[in-house]
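The next block is run.csv, given as CSV, C-alpha atoms.
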chain,number,residue,atom,x,y,z
A,212,MET,CA,16.2,-19.0,7.8
A,213,GLY,CA,13.8,-17.5,5.2
A,214,GLU,CA,11.7,-14.4,5.4
A,215,VAL,CA,7.9,-14.0,5.2
A,216,ILE,CA,6.6,-11.0,3.3
A,217,VAL,CA,2.9,-10.1,3.2
A,218,VAL,CA,1.6,-8.1,0.2
A,219,THR,CA,-1.5,-6.2,1.4
A,220,SER,CA,-3.6,-3.1,0.6
A,221,GLY,CA,-7.0,-2.9,2.2
A,222,LYS,CA,-8.7,-2.0,-1.0
A,223,GLY,CA,-9.3,-4.6,-3.6
A,224,GLY,CA,-8.2,-4.4,-7.2
A,225,VAL,CA,-5.0,-2.4,-6.7
A,226,GLY,CA,-2.7,-5.2,-7.8
A,227,LYS,CA,-1.8,-7.3,-4.8
A,228,THR,CA,-1.9,-10.6,-6.7
A,229,THR,CA,0.0,-9.2,-9.7
A,230,THR,CA,2.6,-7.8,-7.3
A,231,THR,CA,2.9,-11.1,-5.5
A,232,ALA,CA,3.3,-13.0,-8.8
A,233,ASN,CA,5.9,-10.7,-10.1
A,234,ILE,CA,7.9,-10.3,-7.0
A,235,GLY,CA,7.9,-14.1,-6.4
A,236,THR,CA,9.0,-14.8,-10.0
A,237,GLY,CA,11.7,-12.1,-9.8
A,238,LEU,CA,13.1,-13.6,-6.6
A,239,ALA,CA,13.1,-17.1,-8.1
A,240,LEU,CA,14.9,-15.7,-11.2
A,241,ALA,CA,17.5,-14.2,-8.8
A,242,GLY,CA,18.2,-17.8,-7.6
A,243,LYS,CA,16.1,-17.8,-4.4
A,244,LYS,CA,13.8,-20.5,-3.2
A,245,VAL,CA,10.4,-19.0,-3.1
A,246,VAL,CA,6.9,-20.0,-2.0
A,247,LEU,CA,3.8,-17.9,-2.9
A,248,ILE,CA,0.8,-18.4,-0.6
A,249,ASP,CA,-2.6,-17.3,-1.8
A,250,THR,CA,-4.6,-16.6,1.4
A,251,ASP,CA,-7.7,-15.3,-0.5
A,252,ILE,CA,-9.8,-18.3,0.4
A,253,GLY,CA,-13.0,-18.5,-1.7
A,254,LEU,CA,-11.7,-16.0,-4.2
A,255,ARG,CA,-8.4,-17.4,-5.3
A,256,ASN,CA,-6.6,-15.9,-8.2
A,257,LEU,CA,-2.9,-16.2,-7.8
A,258,ASP,CA,-3.1,-19.5,-9.5
A,259,VAL,CA,-4.5,-18.0,-12.7
A,260,VAL,CA,-2.2,-15.0,-12.7
A,261,MET,CA,0.7,-17.5,-12.4
A,262,GLY,CA,-0.8,-19.7,-15.1
A,263,LEU,CA,-0.8,-22.7,-12.7
A,264,GLU,CA,-4.6,-23.2,-12.3
A,265,ASN,CA,-4.6,-26.6,-14.0
A,266,ARG,CA,-2.1,-28.1,-11.6
A,267,ILE,CA,-3.9,-27.7,-8.3
A,268,VAL,CA,-4.4,-30.9,-6.3
A,269,TYR,CA,-4.3,-29.7,-2.7
A,270,ASP,CA,-4.7,-26.3,-1.2
A,271,LEU,CA,-4.0,-24.1,1.9
A,272,VAL,CA,-7.0,-25.5,3.8
A,273,ASP,CA,-6.0,-29.1,3.1
A,274,VAL,CA,-2.6,-28.3,4.5
A,275,VAL,CA,-3.8,-26.6,7.7
A,276,GLU,CA,-6.4,-29.3,8.3
A,277,GLY,CA,-3.8,-32.0,7.9
A,278,PHE,CA,-5.3,-33.7,4.8
A,279,CYS,CA,-1.9,-33.5,3.2
A,280,ARG,CA,1.7,-32.5,3.9
A,281,VAL,CA,2.9,-29.0,2.8
A,282,LYS,CA,5.2,-30.5,0.2
A,283,GLN,CA,2.3,-32.3,-1.5
A,284,ALA,CA,0.3,-29.1,-1.8
A,285,LEU,CA,3.1,-26.9,-3.2
A,286,ILE,CA,2.9,-26.6,-7.0
A,287,LYS,CA,6.3,-26.4,-8.5
A,288,ASP,CA,6.5,-23.8,-11.3
A,289,LYS,CA,8.4,-25.7,-14.1
A,290,ARG,CA,9.3,-22.4,-15.8
A,291,TYR,CA,11.2,-21.0,-12.9
A,292,GLU,CA,13.6,-23.0,-10.8
A,293,GLY,CA,12.9,-22.7,-7.1
A,294,LEU,CA,9.4,-21.2,-7.4
A,295,TYR,CA,6.4,-22.8,-5.7
A,296,LEU,CA,2.7,-21.9,-5.2
A,297,LEU,CA,0.4,-22.8,-2.3
A,298,PRO,CA,-3.0,-22.1,-3.7
A,299,ALA,CA,-6.1,-21.0,-1.7
A,300,ALA,CA,-9.1,-23.2,-1.3
A,301,GLN,CA,-11.9,-22.1,-3.6
A,302,THR,CA,-14.9,-23.8,-1.9
A,303,ARG,CA,-14.3,-22.6,1.6
A,304,ASP,CA,-14.2,-19.2,3.3
A,305,LYS,CA,-11.7,-17.2,5.4
A,306,THR,CA,-12.7,-18.8,8.6
A,307,ALA,CA,-11.3,-22.2,7.4
A,308,VAL,CA,-7.9,-21.0,8.5
A,309,ASN,CA,-6.8,-19.1,11.7
A,310,PRO,CA,-3.8,-16.9,12.5
A,311,GLN,CA,-2.1,-19.6,14.6
A,312,GLN,CA,-2.2,-22.1,11.8
A,313,MET,CA,-0.8,-19.5,9.4
A,314,MET,CA,2.0,-18.7,11.8
A,315,LYS,CA,2.9,-22.4,12.2
A,316,LEU,CA,2.8,-22.9,8.4
A,317,CYS,CA,5.1,-19.8,7.8
A,318,GLN,CA,7.5,-21.0,10.4
A,319,GLU,CA,7.7,-24.4,8.8
A,320,LEU,CA,8.3,-23.0,5.3
A,321,LYS,CA,10.9,-20.5,6.5
A,322,GLU,CA,13.1,-23.5,7.5
A,323,GLU,CA,13.5,-24.5,3.8
A,324,TYR,CA,12.7,-21.5,1.6
A,325,ASP,CA,14.4,-18.1,1.3
A,326,TYR,CA,11.2,-16.1,0.7
A,327,ILE,CA,7.6,-16.8,1.5
A,328,ILE,CA,5.4,-14.2,-0.2
A,329,VAL,CA,1.8,-14.0,1.2
A,330,ASP,CA,-0.9,-12.6,-1.1
A,331,CYS,CA,-3.4,-11.0,1.3
A,332,PRO,CA,-7.1,-10.7,0.5
A,333,ALA,CA,-8.8,-7.3,0.4
A,334,GLY,CA,-10.4,-6.1,3.6
A,335,ILE,CA,-9.4,-6.0,7.3
A,336,GLU,CA,-11.2,-9.0,8.6
A,337,GLN,CA,-10.1,-12.6,9.2
A,338,GLY,CA,-8.4,-13.0,5.8
A,339,PHE,CA,-6.2,-10.1,6.6
A,340,LYS,CA,-5.4,-11.3,10.1
A,341,ASN,CA,-4.5,-14.7,8.7
A,342,ALA,CA,-2.2,-13.2,6.0
A,343,ILE,CA,-0.2,-11.0,8.4
A,344,ALA,CA,0.0,-13.6,11.2
A,345,GLY,CA,3.3,-15.2,10.2
A,346,ALA,CA,4.8,-12.2,8.3
A,347,ASP,CA,8.2,-10.6,9.1
A,348,ARG,CA,7.7,-7.6,6.8
A,349,ALA,CA,4.9,-6.1,4.8
A,350,ILE,CA,4.5,-4.4,1.4
A,351,VAL,CA,1.5,-2.1,1.2
A,352,VAL,CA,0.2,-1.7,-2.4
A,353,THR,CA,-1.7,1.4,-3.3
A,354,THR,CA,-2.7,3.3,-6.5
A,355,PRO,CA,-2.7,7.1,-6.7
A,356,GLU,CA,-6.4,7.4,-5.9
A,357,VAL,CA,-8.1,8.7,-2.8
A,358,SER,CA,-9.9,5.5,-2.0
A,359,ALA,CA,-6.8,3.3,-2.3
A,360,VAL,CA,-4.6,5.7,-0.3
A,361,ARG,CA,-7.1,6.0,2.4
A,362,ASP,CA,-7.4,2.3,2.8
A,363,ALA,CA,-3.6,2.0,2.7
A,364,ASP,CA,-3.4,4.4,5.6
A,365,ARG,CA,-5.8,2.2,7.6
A,366,ILE,CA,-3.8,-0.9,6.8
A,367,ILE,CA,-0.5,0.7,7.8
A,368,GLY,CA,-2.2,1.6,11.2
A,369,LEU,CA,-3.3,-2.0,11.6
A,370,LEU,CA,0.1,-3.5,10.6
A,371,GLU,CA,1.8,-1.3,13.2
A,372,ALA,CA,-0.8,-2.3,15.8
A,373,ASN,CA,0.1,-5.9,15.0
A,374,GLU,CA,3.8,-5.3,15.6
A,375,LEU,CA,4.6,-5.3,11.8
A,376,ARG,CA,6.8,-2.3,11.9
A,377,ASN,CA,8.2,-0.3,9.0
A,378,PRO,CA,5.9,-1.5,6.2
A,379,LYS,CA,7.0,-0.5,2.7
A,380,LEU,CA,4.9,1.2,0.1
A,381,LEU,CA,4.4,0.1,-3.5
A,382,VAL,CA,2.6,2.6,-5.7
A,383,ASN,CA,1.0,0.8,-8.5
A,384,ARG,CA,-0.5,1.9,-11.8
A,385,LEU,CA,1.0,5.4,-11.9
A,386,ARG,CA,0.0,7.3,-15.0
A,387,VAL,CA,2.9,9.6,-15.9
A,388,ASP,CA,0.8,11.6,-18.3
A,389,MET,CA,-1.8,12.3,-15.7
A,390,VAL,CA,0.8,13.2,-13.0
A,391,LYS,CA,2.3,15.6,-15.4
A,392,ARG,CA,-0.9,17.5,-16.0
A,393,GLY,CA,-1.7,17.6,-12.3
A,394,ASP,CA,-4.6,15.1,-12.4
A,395,MET,CA,-2.9,12.4,-10.4
A,396,MET,CA,-1.2,12.6,-7.1
A,397,THR,CA,2.6,12.4,-7.3
A,398,ILE,CA,4.7,9.8,-5.4
A,399,ASP,CA,5.8,12.6,-3.1
A,400,ASP,CA,2.2,13.5,-2.4
A,401,ILE,CA,1.4,10.0,-1.4
A,402,ILE,CA,4.5,9.5,0.7
A,403,ASP,CA,3.8,12.8,2.4
A,404,ILE,CA,0.3,11.6,3.4
A,405,LEU,CA,1.2,8.0,4.4
A,406,ALA,CA,4.6,8.8,5.9
A,407,ILE,CA,6.2,5.4,5.1
A,408,GLY,CA,9.2,4.3,3.1
A,409,LEU,CA,8.9,3.5,-0.6
A,410,ILE,CA,9.9,0.2,-2.1
A,411,GLY,CA,8.9,1.0,-5.7
A,412,VAL,CA,6.7,2.6,-8.2
A,413,VAL,CA,5.0,0.5,-11.0
A,414,PRO,CA,3.8,2.5,-14.0
A,415,ASP,CA,0.4,1.7,-15.5
A,416,ASP,CA,1.2,-0.7,-18.3
A,417,GLU,CA,-1.0,-2.6,-20.8
A,418,LYS,CA,1.5,-5.4,-20.8
A,419,ILE,CA,0.4,-6.4,-17.3
A,420,ILE,CA,-3.0,-7.3,-18.7
A,421,VAL,CA,-1.4,-9.1,-21.6
A,422,SER,CA,0.8,-11.1,-19.3
A,423,THR,CA,-2.1,-11.9,-17.0
A,424,ASN,CA,-4.1,-13.1,-20.0
A,425,ARG,CA,-1.3,-15.5,-20.7
A,426,GLY,CA,-0.5,-16.4,-17.1
A,427,GLU,CA,3.1,-15.3,-17.5
A,428,PRO,CA,4.4,-12.7,-15.0
A,429,ALA,CA,5.5,-9.4,-16.7
A,430,ILE,CA,8.7,-9.3,-14.8
A,431,ASN,CA,10.1,-11.6,-17.4
A,432,ASP,CA,9.2,-9.2,-20.2
A,433,ASP,CA,12.3,-7.1,-20.9
A,434,LYS,CA,10.2,-4.5,-22.9
A,435,SER,CA,7.6,-4.0,-20.1
A,436,LEU,CA,8.0,-0.8,-18.1
A,437,ALA,CA,6.1,-2.5,-15.2
A,438,GLY,CA,8.4,-5.5,-15.5
A,439,GLN,CA,11.4,-3.2,-15.2
A,440,ALA,CA,9.8,-1.6,-12.1
A,441,TYR,CA,9.2,-5.0,-10.6
A,442,ARG,CA,12.8,-6.0,-11.3
A,443,ASN,CA,14.0,-3.0,-9.3
A,444,ILE,CA,11.6,-3.8,-6.5
A,445,VAL,CA,13.0,-7.4,-6.3
A,446,LYS,CA,16.5,-6.0,-6.0
A,447,ARG,CA,15.4,-3.7,-3.2
A,448,ILE,CA,13.7,-6.6,-1.3
A,449,MET,CA,17.0,-8.4,-1.5
A,450,GLY,CA,18.7,-5.4,0.1
A,451,GLU,CA,20.2,-3.8,-3.0
A,452,GLU,CA,20.2,0.0,-3.3
A,453,VAL,CA,18.5,0.9,-6.6
A,454,PRO,CA,17.8,4.5,-7.3
A,455,PHE,CA,14.2,5.5,-7.8
A,456,THR,CA,13.0,6.5,-11.2
A,457,ASN,CA,11.6,10.0,-11.1
A,458,PHE,CA,8.0,9.8,-12.5
A,459,ASP,CA,6.9,13.1,-10.9
A,460,GLU,CA,8.1,15.7,-13.2
A,461,ASP,CA,9.0,16.2,-16.8
A,462,SER,CA,12.3,14.8,-16.0
A,463,GLY,CA,14.9,13.1,-18.1
A,464,PHE,CA,13.2,9.8,-17.7
A,465,ILE,CA,9.9,10.9,-19.2
A,466,PHE,CA,11.7,12.8,-21.9
A,467,LYS,CA,13.7,9.7,-22.8
A,468,LEU,CA,10.5,7.6,-22.7
A,469,LYS,CA,8.7,9.9,-25.0
A,470,LYS,CA,11.7,9.8,-27.3
A,471,LEU,CA,11.9,6.1,-27.2
A,472,PHE,CA,8.3,5.2,-27.7
A,473,GLY,CA,7.0,8.4,-29.3
A,474,LEU,CA,4.5,8.8,-26.5
A,475,GLN,CA,2.5,12.0,-26.1
A,476,ALA,CA,2.5,13.3,-22.5
A,477,ASN,CA,-0.8,15.2,-22.9
B,4,MET,CA,5.0,30.4,-15.2
B,5,LEU,CA,2.0,28.3,-16.1
B,6,LEU,CA,1.1,28.0,-12.4
B,7,ASP,CA,1.3,31.7,-11.8
B,8,LEU,CA,-1.0,32.5,-14.7
B,9,SER,CA,-3.6,30.0,-13.5
B,10,LYS,CA,-3.5,31.6,-10.1
B,11,ILE,CA,-4.1,35.1,-11.6
B,12,PHE,CA,-7.1,33.9,-13.7
B,13,GLY,CA,-8.5,31.9,-10.8
B,14,LYS,CA,-8.4,28.6,-12.6
B,15,PRO,CA,-9.6,25.8,-10.3
B,16,LYS,CA,-7.0,23.8,-8.4
B,17,ASN,CA,-5.4,20.7,-10.0
B,18,SER,CA,-7.6,17.7,-9.2
B,19,LYS,CA,-4.6,16.1,-7.6
B,20,ASP,CA,-4.3,18.9,-5.1
B,21,VAL,CA,-8.0,18.5,-4.3
B,22,ALA,CA,-7.5,14.8,-3.8
B,23,LYS,CA,-4.5,15.4,-1.5
B,24,ASP,CA,-6.4,18.0,0.6
B,25,ARG,CA,-9.5,15.8,0.9
B,26,LEU,CA,-7.3,12.8,1.8
B,27,LYS,CA,-5.5,14.8,4.5
B,28,MET,CA,-8.8,15.8,6.1
B,29,VAL,CA,-10.4,12.5,6.0
B,30,LEU,CA,-7.3,10.7,7.4
B,31,VAL,CA,-7.2,13.0,10.4
B,32,TYR,CA,-10.6,11.7,11.4
B,33,ASP,CA,-9.8,8.1,10.4
B,34,ARG,CA,-6.7,8.1,12.4
B,35,ALA,CA,-8.2,9.6,15.5
B,36,ASN,CA,-11.3,7.5,15.0
B,37,VAL,CA,-13.7,10.4,15.5
B,38,SER,CA,-16.3,12.1,13.4
B,39,PRO,CA,-16.1,15.7,12.1
B,40,GLN,CA,-19.0,16.6,14.4
B,41,PHE,CA,-16.8,15.6,17.3
B,42,LEU,CA,-14.3,18.4,16.5
B,43,GLU,CA,-17.1,20.9,16.2
B,44,MET,CA,-18.5,20.0,19.6
B,45,LEU,CA,-15.1,20.1,21.1
B,46,LYS,CA,-14.4,23.5,19.6
B,47,SER,CA,-17.6,25.1,20.9
B,48,GLU,CA,-17.0,23.7,24.4
B,49,ILE,CA,-13.4,25.0,24.4
B,50,ILE,CA,-14.6,28.5,23.3
B,51,LYS,CA,-17.3,28.5,26.0
B,52,VAL,CA,-14.8,27.7,28.8
B,53,ILE,CA,-12.0,30.0,27.6
B,54,SER,CA,-14.5,32.9,27.0
B,55,ASN,CA,-15.1,32.9,30.8
B,56,TYR,CA,-11.6,34.1,31.3
B,57,VAL,CA,-10.4,35.8,28.1
B,58,ASP,CA,-12.0,37.6,25.1
B,59,VAL,CA,-11.1,35.4,22.1
B,60,ASP,CA,-11.2,36.2,18.4
B,61,GLU,CA,-13.5,33.5,17.3
B,62,SER,CA,-13.1,34.3,13.6
B,63,ALA,CA,-9.3,33.6,13.8
B,64,LEU,CA,-9.7,30.5,15.9
B,65,ASP,CA,-7.8,27.5,14.6
B,66,ILE,CA,-8.5,24.1,16.2
B,67,GLN,CA,-7.6,20.9,14.4
B,68,LEU,CA,-6.6,17.3,15.0
B,69,THR,CA,-3.1,16.6,13.6
B,70,LYS,CA,-0.6,13.9,14.3
B,71,THR,CA,2.6,14.1,16.2
B,72,ARG,CA,5.4,11.8,17.2
B,73,SER,CA,4.8,10.0,20.5
B,74,ASP,CA,7.1,10.6,23.5
B,75,ASP,CA,9.1,7.4,22.8
B,76,GLY,CA,9.5,8.7,19.2
B,77,GLU,CA,8.3,5.4,17.7
B,78,ARG,CA,4.7,6.1,16.7
B,79,MET,CA,2.6,8.8,15.3
B,80,VAL,CA,-0.2,9.7,17.7
B,81,PRO,CA,-3.1,12.1,17.2
B,82,ALA,CA,-2.7,15.6,18.8
B,83,LEU,CA,-5.1,18.4,19.3
B,84,TYR,CA,-3.8,21.6,17.9
B,85,ALA,CA,-5.4,24.8,19.0
B,86,ASN,CA,-4.4,28.4,18.1
B,87,ILE,CA,-6.7,30.7,20.0
B,88,PRO,CA,-6.0,34.5,19.5
B,89,ILE,CA,-6.8,36.5,22.6
B,90,ARG,CA,-8.2,40.0,22.2
B,91,SER,CA,-8.0,40.9,25.9
B,92,ILE,CA,-7.8,39.3,29.3
B,93,LYS,CA,-11.0,39.7,31.3
B,94,ASN,CA,-10.3,41.1,34.7
B,95,SER,CA,-13.2,39.6,36.6
B,96,GLY,CA,-11.0,36.8,37.6
B,97,LYS,CA,-8.8,39.0,39.8
Would you mind writing the file out in structure tokens?
Amino acid sequence: MGEVIVVTSGKGGVGKTTTTANIGTGLALAGKKVVLIDTDIGLRNLDVVMGLENRIVYDLVDVVEGFCRVKQALIKDKRYEGLYLLPAAQTRDKTAVNPQQMMKLCQELKEEYDYIIVDCPAGIEQGFKNAIAGADRAIVVTTPEVSAVRDADRIIGLLEANELRNPKLLVNRLRVDMVKRGDMMTIDDIIDILAIGLIGVVPDDEKIIVSTNRGEPAINDDKSLAGQAYRNIVKRIMGEEVPFTNFDEDSGFIFKLKKLFGLQAN
Amino acid sequence: MLLDLSKIFGKPKNSKDVAKDRLKMVLVYDRANVSPQFLEMLKSEIIKVISNYVDVDESALDIQLTKTRSDDGERMVPALYANIPIRSIKNSGK
């Protein structure tokens, strides 16, 4: 029996889709059978981030409306064994699907796949309700900014109100240089405010944009710092204990980083 | 050392501390689903009632919405925290 994980945030543009793509790819690389579901109906993007936009035949709405079987709509990613994408419909809106249908779909997919990763749209309306309907656990993505953290807090409240207990926090786009000079909230600051457990910290990394340009998830890039962070997150999702890199202070890690890449911290 | 110096010369707070303080404030109201005016109204009413019985030090009054763990220990729930210093007890009530 598989597990359904929803990736959500409240605020848009914090990296839900990138996170979904990287986690899903990482789990597939670890030998798991994975389905990624894009629930952002009308504003689909997981397909382009994954580089699978040219292979869409059927979509999520076709499946729930019974125009095709789930198997027909799943796009098999030929680069990664065991990785599938169920794209969102682009010409419909969030009301084309309801939470009961999502629950049924997730239940069906859990029978055959190890992980179903649901990419949630921004907002707290129907799209959000659909995305969390069939979820067993939740990953809340935020960035170290007041707007994103505020929205994450609201989402955490809504997840708990919907019986999705113990959501995990992913802090995205951390700028180590800014944290160091006191111009960005630290991981401890954010955890202190949101009071939930951490699943990982992804540093701000240009390589994410490069990999998105190419439609190849950065988790596969050995040189990418964000890719490394996602590899650790994937291990934690699978239950492995991976120590957290300390990004908050001028610690050994940053020192090593600077030494390695000749980066200036200020 | 750097921090101490900045305190002495009254350098403004790090922007991340400003962010954290502002977030903490705004989340108190978000979580309790009330407006800042609500707390002001509540505060003045509390003072009004208590002043009938005791002489309170209004300048040192501290009333805020915080969060606390619920009785079953599972959830965080909003709590009204009030620290009201009393100057003297009025004897008219006797």
Nearby residues (only C-alpha atoms) at most 12 Å from Val21 in chain B, same-chain spacing under 2 positions excluded, as a list of chain:residue names: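 Close residues of Val21 in chain B: A:Glu356, A:Val357, A:Gly393, A:Asp394, A:Met395, A:Met396, A:Asp400, B:Pro15, B:Lys16, B:Asn17, B:Ser18, B:Lys19, B:Lys23, B:Asp24, B:Arg25, B:Leu26, B:Lys27, B:Met28.
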Between CA of Asn424 in chain A and CA of Gly293 in chain A, distance in Å (one decimal):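 So the two atoms, CA of Asn424 in chain A and CA of Gly293 in chain A, lie 23.4 Å apart.
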A:Gln283, A:Asn377, A:Thr250, A:Gln312 ranked by distance to Ile328 in chain A, top pick (using all atoms listed in the file):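 With all atoms listed in the file as the atom set, the closest residue is A:Thr250.
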Interatomic distance (Å, one decimal) between CA of Val281 in chain A and CA of Leu238 in chain A: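 If I compute the distance from CA of Val281 in chain A to CA of Leu238 in chain A, I get 20.7 Å.
When all atoms listed in the file are used to compute distances to chain B, the closest of the residues A:Leu320, A:Ile448, A:Ile407, A:Ile420 turns out to be A:Ile407.
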Shell around Ile216 in chain A at 12 Å using all atoms listed in the file, local window under 2 positions removed, as a VMD selection string: chain A and resid 213 to 214 218 to 219 230 to 231 234 to 235 245 to 248 317 321 325 to 331 342 to 351 375 378 to 379 448 to 449
Residue with smallest distance to Leu30 in chain B - pool A:Gly221, A:Gly368, A:Gly253, A:Pro332, counting only C-alpha atoms: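 Among the listed residues, A:Gly368 lies closest to Leu30 in chain B.
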